[in-house]
file model.cif (mmCIF, C-alpha atoms and all ligand atoms)
data_work
#
loop_
_atom_site.label_atom_id
_atom_site.label_comp_id
_atom_site.auth_asym_id
_atom_site.auth_seq_id
_atom_site.Cartn_x
_atom_site.Cartn_y
_atom_site.Cartn_z
CA MET A 897 -24.77 -1.37 -4.22
CA ARG A 898 -22.01 0.86 -5.57
CA SER A 899 -19.63 -0.15 -8.33
CA LEU A 900 -15.84 -0.07 -7.94
CA VAL A 901 -13.06 0.67 -10.41
CA LEU A 902 -9.68 -0.91 -9.68
CA VAL A 903 -6.94 1.29 -11.15
CA ALA A 904 -3.85 -0.73 -12.19
CA ALA A 905 -4.72 -4.34 -12.91
CA GLY A 906 -1.77 -6.22 -11.37
CA GLY A 907 -1.31 -8.47 -8.38
CA LEU A 908 -2.51 -5.96 -5.79
CA ALA A 909 -5.72 -5.45 -7.81
CA ARG A 910 -6.44 -9.17 -7.57
CA GLU A 911 -5.73 -9.13 -3.84
CA THR A 912 -7.94 -6.08 -3.43
CA LEU A 913 -10.69 -7.81 -5.39
CA ALA A 914 -10.51 -10.77 -3.02
CA ALA A 915 -11.05 -8.42 -0.07
CA VAL A 916 -13.93 -6.69 -1.86
CA ARG A 917 -15.60 -9.99 -2.68
CA ALA A 918 -15.12 -11.26 0.89
CA SER A 919 -16.65 -8.12 2.39
CA GLY A 920 -19.42 -7.72 -0.18
CA SER A 921 -18.76 -3.98 -0.11
CA HIS A 922 -19.34 -3.37 -3.81
CA GLY A 923 -21.40 -4.78 -6.65
CA ARG A 924 -20.01 -4.46 -10.17
CA VAL A 925 -16.18 -4.31 -10.26
CA LEU A 926 -14.22 -3.06 -13.29
CA ALA A 927 -10.52 -2.45 -13.88
CA VAL A 928 -8.45 0.01 -15.91
CA ASP A 929 -4.74 -0.09 -16.67
CA ASP A 930 -2.16 1.93 -18.60
CA ASP A 931 -0.97 -1.21 -20.39
CA PRO A 932 -2.95 -1.66 -23.65
CA SER A 933 -2.02 -5.34 -23.74
CA ARG A 934 -4.35 -5.83 -20.74
CA TRP A 935 -7.33 -4.11 -22.34
CA GLY A 936 -10.12 -6.54 -23.16
CA SER A 937 -8.76 -9.16 -20.77
CA SER A 938 -10.30 -10.05 -17.43
CA PHE A 939 -9.33 -11.52 -14.09
CA ASP A 940 -11.68 -13.39 -11.79
CA GLY A 941 -14.64 -12.00 -13.72
CA VAL A 942 -13.42 -8.39 -13.67
CA PRO A 943 -13.02 -6.87 -17.16
CA VAL A 944 -10.10 -4.55 -17.90
CA ILE A 945 -12.05 -1.99 -19.88
CA GLY A 946 -9.25 0.32 -21.06
CA GLY A 947 -6.99 3.10 -19.87
CA LEU A 948 -7.33 5.58 -17.03
CA GLU A 949 -9.51 7.97 -19.02
CA GLN A 950 -12.35 5.42 -18.76
CA VAL A 951 -12.68 6.33 -15.09
CA ALA A 952 -14.19 9.72 -15.96
CA ASP A 953 -17.37 7.94 -17.13
CA LEU A 954 -17.67 5.85 -13.98
CA LEU A 955 -17.75 8.46 -11.24
CA ASP A 956 -21.14 7.40 -9.95
CA GLY A 957 -19.20 4.60 -8.27
CA ASP A 958 -16.03 4.27 -6.21
CA VAL A 959 -12.38 4.08 -7.24
CA VAL A 960 -9.31 2.51 -5.63
CA VAL A 961 -5.73 2.67 -6.90
CA CYS A 962 -4.02 -0.73 -6.74
CA ALA A 963 -0.42 -0.03 -7.76
CA GLY A 964 2.00 -1.75 -5.40
CA ARG A 965 4.43 1.16 -5.16
CA GLY A 966 3.39 4.24 -3.24
CA GLY A 967 5.06 6.56 -5.73
CA THR A 968 3.05 5.00 -8.54
CA ARG A 969 -0.17 5.31 -6.53
CA ARG A 970 0.62 8.99 -5.95
CA ALA A 971 1.24 9.59 -9.68
CA LEU A 972 -1.97 7.81 -10.64
CA VAL A 973 -4.02 9.78 -8.11
CA GLU A 974 -2.57 13.01 -9.54
CA ARG A 975 -3.54 11.96 -13.07
CA LEU A 976 -7.00 10.89 -11.93
CA ALA A 977 -7.49 14.32 -10.34
CA GLY A 978 -7.17 15.73 -13.85
CA LEU A 979 -10.05 13.45 -14.90
CA GLY A 980 -12.33 14.74 -12.15
CA VAL A 981 -11.63 12.08 -9.53
CA THR A 982 -11.66 13.76 -6.13
CA TRP A 983 -10.93 12.37 -2.68
CA GLU A 984 -14.54 11.45 -1.99
CA HIS A 985 -14.55 9.08 -4.95
CA TYR A 986 -11.97 6.86 -3.30
CA ALA A 987 -13.12 3.76 -1.43
CA ARG A 988 -11.47 2.22 1.59
CA VAL A 989 -11.10 -1.50 1.00
CA VAL A 990 -10.97 -3.43 4.26
CA HIS A 991 -10.99 -7.23 4.42
CA PRO A 992 -13.76 -8.44 6.73
CA SER A 993 -11.20 -10.10 9.02
CA VAL A 994 -9.91 -6.62 9.95
CA ASP A 995 -11.42 -4.85 12.94
CA ILE A 996 -11.02 -1.08 12.99
CA PRO A 997 -11.49 0.14 16.58
CA ALA A 998 -13.37 3.39 17.07
CA SER A 999 -10.16 5.17 18.11
CA CYS A 1000 -8.50 4.43 14.74
CA VAL A 1001 -8.77 6.32 11.45
CA VAL A 1002 -8.24 4.90 7.96
CA GLY A 1003 -7.98 7.35 5.09
CA ARG A 1004 -9.73 7.10 1.76
CA GLY A 1005 -8.16 4.96 -0.92
CA SER A 1006 -6.43 2.76 1.63
CA ILE A 1007 -6.40 -1.02 1.26
CA LEU A 1008 -6.21 -3.32 4.30
CA LEU A 1009 -5.82 -6.98 3.39
CA ALA A 1010 -6.65 -9.99 5.54
CA GLN A 1011 -5.70 -10.16 9.21
CA VAL A 1012 -4.28 -6.65 9.54
CA SER A 1013 -4.42 -5.70 13.23
CA LEU A 1014 -4.94 -2.20 14.61
CA THR A 1015 -4.92 -2.03 18.39
CA CYS A 1016 -5.89 1.56 19.32
CA ASP A 1017 -5.35 5.17 18.27
CA VAL A 1018 -3.80 4.23 14.93
CA ARG A 1019 -4.05 6.73 12.09
CA LEU A 1020 -3.59 5.68 8.47
CA GLY A 1021 -3.54 8.34 5.76
CA ALA A 1022 -4.92 8.10 2.24
CA HIS A 1023 -3.89 5.43 -0.28
CA VAL A 1024 -1.98 3.42 2.32
CA VAL A 1025 -1.60 -0.29 1.58
CA ALA A 1026 -1.34 -2.77 4.47
CA MET A 1027 -0.81 -6.32 3.25
CA PRO A 1028 -1.81 -9.45 5.21
CA HIS A 1029 -0.87 -9.76 8.87
CA VAL A 1030 0.46 -6.24 9.33
CA THR A 1031 0.37 -5.26 13.02
CA LEU A 1032 -0.16 -1.61 13.96
CA THR A 1033 -0.12 -0.69 17.61
CA HIS A 1034 -1.02 2.26 19.81
CA ASP A 1035 -0.51 5.75 18.42
CA ASP A 1036 1.07 4.66 15.14
CA VAL A 1037 0.72 7.20 12.34
CA VAL A 1038 1.16 6.07 8.74
CA ALA A 1039 1.17 8.82 6.14
CA ASP A 1040 -0.36 8.84 2.66
CA TYR A 1041 0.92 6.39 0.04
CA ALA A 1042 2.94 4.31 2.50
CA THR A 1043 3.16 0.56 1.78
CA LEU A 1044 3.40 -2.00 4.57
CA CYS A 1045 4.15 -5.44 3.13
CA ALA A 1046 2.94 -8.69 4.65
CA GLY A 1047 3.85 -9.24 8.27
CA VAL A 1048 5.24 -5.78 9.03
CA SER A 1049 5.05 -4.94 12.74
CA LEU A 1050 5.18 -1.44 14.18
CA GLY A 1051 5.77 -0.84 17.88
CA GLY A 1052 3.77 1.87 19.59
CA ASN A 1053 4.00 5.51 18.59
CA VAL A 1054 5.84 4.86 15.32
CA THR A 1055 5.47 7.32 12.46
CA VAL A 1056 5.83 6.22 8.86
CA GLY A 1057 6.37 8.97 6.31
CA ALA A 1058 4.51 9.43 3.05
CA GLY A 1059 5.44 6.96 0.35
CA ALA A 1060 7.66 4.83 2.59
CA TYR A 1061 7.91 1.12 1.70
CA LEU A 1062 8.39 -1.45 4.48
CA GLY A 1063 9.27 -4.89 3.12
CA MET A 1064 7.83 -8.17 4.29
CA ASN A 1065 8.19 -8.95 8.00
CA ALA A 1066 10.13 -5.79 8.82
CA SER A 1067 9.82 -4.66 12.45
CA VAL A 1068 10.09 -1.13 13.82
CA ARG A 1069 10.89 -0.40 17.45
CA GLU A 1070 8.50 1.82 19.36
CA ASP A 1071 8.72 5.64 19.13
CA LEU A 1072 10.76 5.64 15.92
CA ALA A 1073 10.21 7.60 12.71
CA VAL A 1074 10.47 6.06 9.25
CA GLY A 1075 11.17 8.85 6.78
CA ALA A 1076 9.14 9.71 3.72
CA ASP A 1077 9.93 7.73 0.56
CA SER A 1078 12.37 5.50 2.42
CA VAL A 1079 12.65 1.71 1.98
CA LEU A 1080 13.08 -0.79 4.80
CA GLY A 1081 14.12 -4.21 3.48
CA MET A 1082 12.23 -7.38 4.18
CA GLY A 1083 13.08 -8.93 7.51
CA ALA A 1084 14.73 -5.76 8.84
CA VAL A 1085 14.72 -4.80 12.50
CA LEU A 1086 14.75 -1.01 12.76
CA LEU A 1087 16.31 0.30 15.97
CA ARG A 1088 17.14 3.87 14.88
CA PRO A 1089 15.19 6.50 12.90
CA LEU A 1090 15.29 5.86 9.15
CA PRO A 1091 15.99 9.09 7.25
CA ALA A 1092 13.78 10.13 4.35
CA GLY A 1093 14.65 8.66 0.98
CA GLN A 1094 17.15 6.08 2.25
CA THR A 1095 17.14 2.29 1.90
CA TRP A 1096 18.01 0.30 5.00
CA ALA A 1097 17.97 -3.44 5.61
CA GLY A 1098 19.27 -6.10 7.96
CA VAL A 1099 19.29 -6.84 11.68
CA PRO A 1100 19.81 -4.32 13.08
CA ALA A 1101 18.80 -2.26 10.04
CA ALA A 1102 21.52 -0.13 8.43
CA PRO A 1103 21.91 1.66 5.10
CA LEU A 1104 22.45 -0.62 2.12
CA PRO A 1105 25.78 0.10 0.41
CA ALA A 1106 25.40 3.17 -1.78
CA ALA A 1107 26.68 1.17 -4.75
CA TYR A 1108 23.39 -0.71 -4.87
CA PRO A 1109 20.51 0.94 -6.69
CA VAL A 1110 17.21 1.04 -4.87
CA GLY A 1111 14.78 -1.41 -6.46
CA VAL A 1112 11.37 -2.38 -5.12
CA GLU A 1113 9.14 -4.79 -6.96
CA ALA A 1114 5.45 -3.99 -7.06
C1 LIG B 1201 16.00 -3.92 0.47
C2 LIG B 1201 15.64 -4.13 -0.99
C3 LIG B 1201 14.64 -3.04 -1.43
C4 LIG B 1201 16.93 -4.02 -1.78
O1 LIG B 1201 16.67 -4.33 -3.11
P1 LIG B 1201 17.83 -4.01 -4.22
O2 LIG B 1201 18.17 -2.57 -4.16
O3 LIG B 1201 17.33 -4.62 -5.50
O4 LIG B 1201 19.08 -4.79 -3.65
P2 LIG B 1201 19.74 -6.18 -4.11
O5 LIG B 1201 18.73 -7.27 -4.12
O6 LIG B 1201 20.53 -5.92 -5.34
O7 LIG B 1201 20.72 -6.46 -2.89
C5 LIG B 1201 21.77 -5.59 -2.60
C6 LIG B 1201 22.52 -6.12 -1.41
O8 LIG B 1201 21.69 -5.97 -0.25
C7 LIG B 1201 21.43 -7.24 0.34
N1 LIG B 1201 20.00 -7.24 0.71
C8 LIG B 1201 18.94 -7.02 -0.09
N2 LIG B 1201 17.82 -7.07 0.60
C9 LIG B 1201 18.14 -7.34 1.86
C10 LIG B 1201 17.38 -7.52 3.04
N3 LIG B 1201 16.06 -7.42 3.03
N4 LIG B 1201 18.05 -7.79 4.18
C11 LIG B 1201 19.39 -7.89 4.20
N5 LIG B 1201 20.17 -7.73 3.10
C12 LIG B 1201 19.56 -7.45 1.95
C13 LIG B 1201 21.72 -8.27 -0.74
O9 LIG B 1201 22.11 -9.51 -0.19
C14 LIG B 1201 22.83 -7.61 -1.49
O10 LIG B 1201 24.04 -7.78 -0.78
P3 LIG B 1201 25.27 -8.59 -1.41
O11 LIG B 1201 25.54 -7.97 -2.75
O12 LIG B 1201 26.37 -8.38 -0.40
O13 LIG B 1201 24.83 -10.00 -1.51
C15 LIG B 1201 14.94 -5.51 -1.25
O14 LIG B 1201 15.85 -6.58 -1.13
C16 LIG B 1201 13.79 -5.78 -0.32
O15 LIG B 1201 13.93 -6.20 0.85
N6 LIG B 1201 12.58 -5.52 -0.88
C17 LIG B 1201 11.32 -5.78 -0.22
C18 LIG B 1201 10.68 -7.02 -0.87
C19 LIG B 1201 9.29 -7.23 -0.36
O16 LIG B 1201 8.99 -7.15 0.81
N7 LIG B 1201 8.41 -7.52 -1.31
C20 LIG B 1201 7.02 -7.72 -1.02
C21 LIG B 1201 6.25 -7.61 -2.30
S1 LIG B 1201 4.52 -7.76 -1.98
#
call {"tool": "encode", "arguments": {"input": "model.cif", "output": "C-alpha cells"}}
result
Amino acid sequence: MRSLVLVAAGGLARETLAAVRASGSHGRVLAVDDDPSRWGSSFDGVPVIGGLEQVADLLDGDVVVCAGRGGTRRALVERLAGLGVTWEHYARVVHPSVDIPASCVVGRGSILLAQVSLTCDVRLGAHVVAMPHVTLTHDDVVADYATLCAGVSLGGNVTVGAGAYLGMNASVREDLAVGADSVLGMGAVLLRPLPAGQTWAGVPAAPLPAAYPVGVEA
C-alpha cells in the first residue's frame, strides 16, 4: 500500500487523515509543515517530520496539500514543483461515504470529506477542497484550488473559479458563475454572478463594504 505525505499539518490535515484512515487508501502517513515548532510532533500517530524539502525523499508515495486556503495550496504546489513533485504524485482523498458517479471527474490533489454529494456531470479541478456535506449538482464545474466549506450547495450548471472560497452553508443559484479568487461569506445566498476577487455575503449576497479587509481563516 502506498504511503502519503500530508503537506501543512493543521486542521485540514487532521480531517484529511480521518478520511484516509476511513477509506484505507494509504498505509504509512507522514506530515510536513513550514512551521519548525511543529517538527518532531505528531497528531493521531502521524509524525511531522520536518519542512517541505523532506517531500523530495518521499516521492515513491503520494502527496496531498492540506492548507485550508486555496491561495496557500497553490503556493505550496508551486514550491513542491521545484522539489520534483509533479501532478501524478498528488493523491485524491475521498471519504468512503462519498460516491463519485461515472459521469463526474475529480482532479488530483482534491480532498472530499464525509458526505459530499455529486449528482451527475460534475467536474472538480485539482487541489479542490470540499468539506463535509457539500452538495454539487448537474454540470457544476469547480476550478483548481477552490474551497467549498461545510454545507455549501451549488445549483446546477454553476461554475466556481480557481481559488474561490465559499464559506459554510453558502448557496449558489443555478447557472451562476463565482469568479476566481472571490469569497462568498458563510450563509450567503448568491443570486447574481460574483465577480473575480470580490467578497460578498448576506441574503441575498452583496459586496461587503469596501472598508472591511478580506479575511478568511484556514
Ligand atoms: C465573509 C467573511 C470572509 C468576512 O470576513 P471579514 O472580512 O473578516 O469580515 P468581518 O468579520 O470583519 O465582518 C465585516 C462585516 O461583514 C459582516 N459579515 C461578515 N461575515 C458575514 C456573513 N457571512 N454574512 C453576513 N454578514 C457578514 C459583519 O457582521 C461585519 O458587519 P458589521 O461591521 O456591520 O457588523 C467571513 O465572515 C466569512 O463568512 N468567512 C467564512 C467562514 C467559514 O465558512 N469558515 C469555515 C472554516 S472551515
call {"tool": "closest_residue", "arguments": {"input": "model.cif", "among": "A:Leu926, A:Leu1032, A:Met1064, A:Leu979", "to": "Ala952 (chain A)", "atoms": "all atoms listed in the file"}}
result
A:Leu979
call {"tool": "atom_distance", "arguments": {"input": "model.cif", "atom1": "CA of Leu900 (chain A)", "atom2": "CA of Arg969 (chain A)"}}
result
16.6 Å
call {"tool": "residues_around", "arguments": {"input": "model.cif", "residues": "Cys1000 (chain A)", "least_positions_apart": "3", "cutoff": "8 Å", "atoms": "all atoms listed in the file", "output": "PDB file with C-alpha atoms, keeping the file's coordinate frame"}}
result
ATOM      1  CA  ILE A 996     -11.020  -1.080  12.990  1.00  0.00           C
ATOM      2  CA  PRO A 997     -11.490   0.140  16.580  1.00  0.00           C
ATOM      3  CA  LEU A1014      -4.940  -2.200  14.610  1.00  0.00           C
ATOM      4  CA  CYS A1016      -5.890   1.560  19.320  1.00  0.00           C
ATOM      5  CA  ASP A1017      -5.350   5.170  18.270  1.00  0.00           C
ATOM      6  CA  VAL A1018      -3.800   4.230  14.930  1.00  0.00           C
ATOM      7  CA  ARG A1019      -4.050   6.730  12.090  1.00  0.00           C
TER       8      ARG A1019
END
call {"tool": "residues_near_ligand", "arguments": {"input": "model.cif", "ligand": "ligand LIG 1201 (chain B)", "cutoff": "10 Å", "atoms": "all atoms listed in the file", "output": "number ranges by chain"}}
result
A: 907-908, 964-965, 1027-1028, 1043-1048, 1061-1066, 1078-1085, 1095-1114
call {"tool": "residues_around", "arguments": {"input": "model.cif", "residues": "Gly947 (chain A)", "least_positions_apart": "3", "cutoff": "6 Å", "atoms": "all atoms listed in the file", "output": "JSON, numbers by chain"}}
result
{"A": [928, 929, 930, 950]}
call {"tool": "atom_distance", "arguments": {"input": "model.cif", "atom1": "CA of Arg924 (chain A)", "atom2": "CA of Pro943 (chain A)"}}
result
10.2 Å
call {"tool": "atom_distance", "arguments": {"input": "model.cif", "atom1": "CA of Ala1058 (chain A)", "atom2": "CA of Arg910 (chain A)"}}
result
24.1 Å
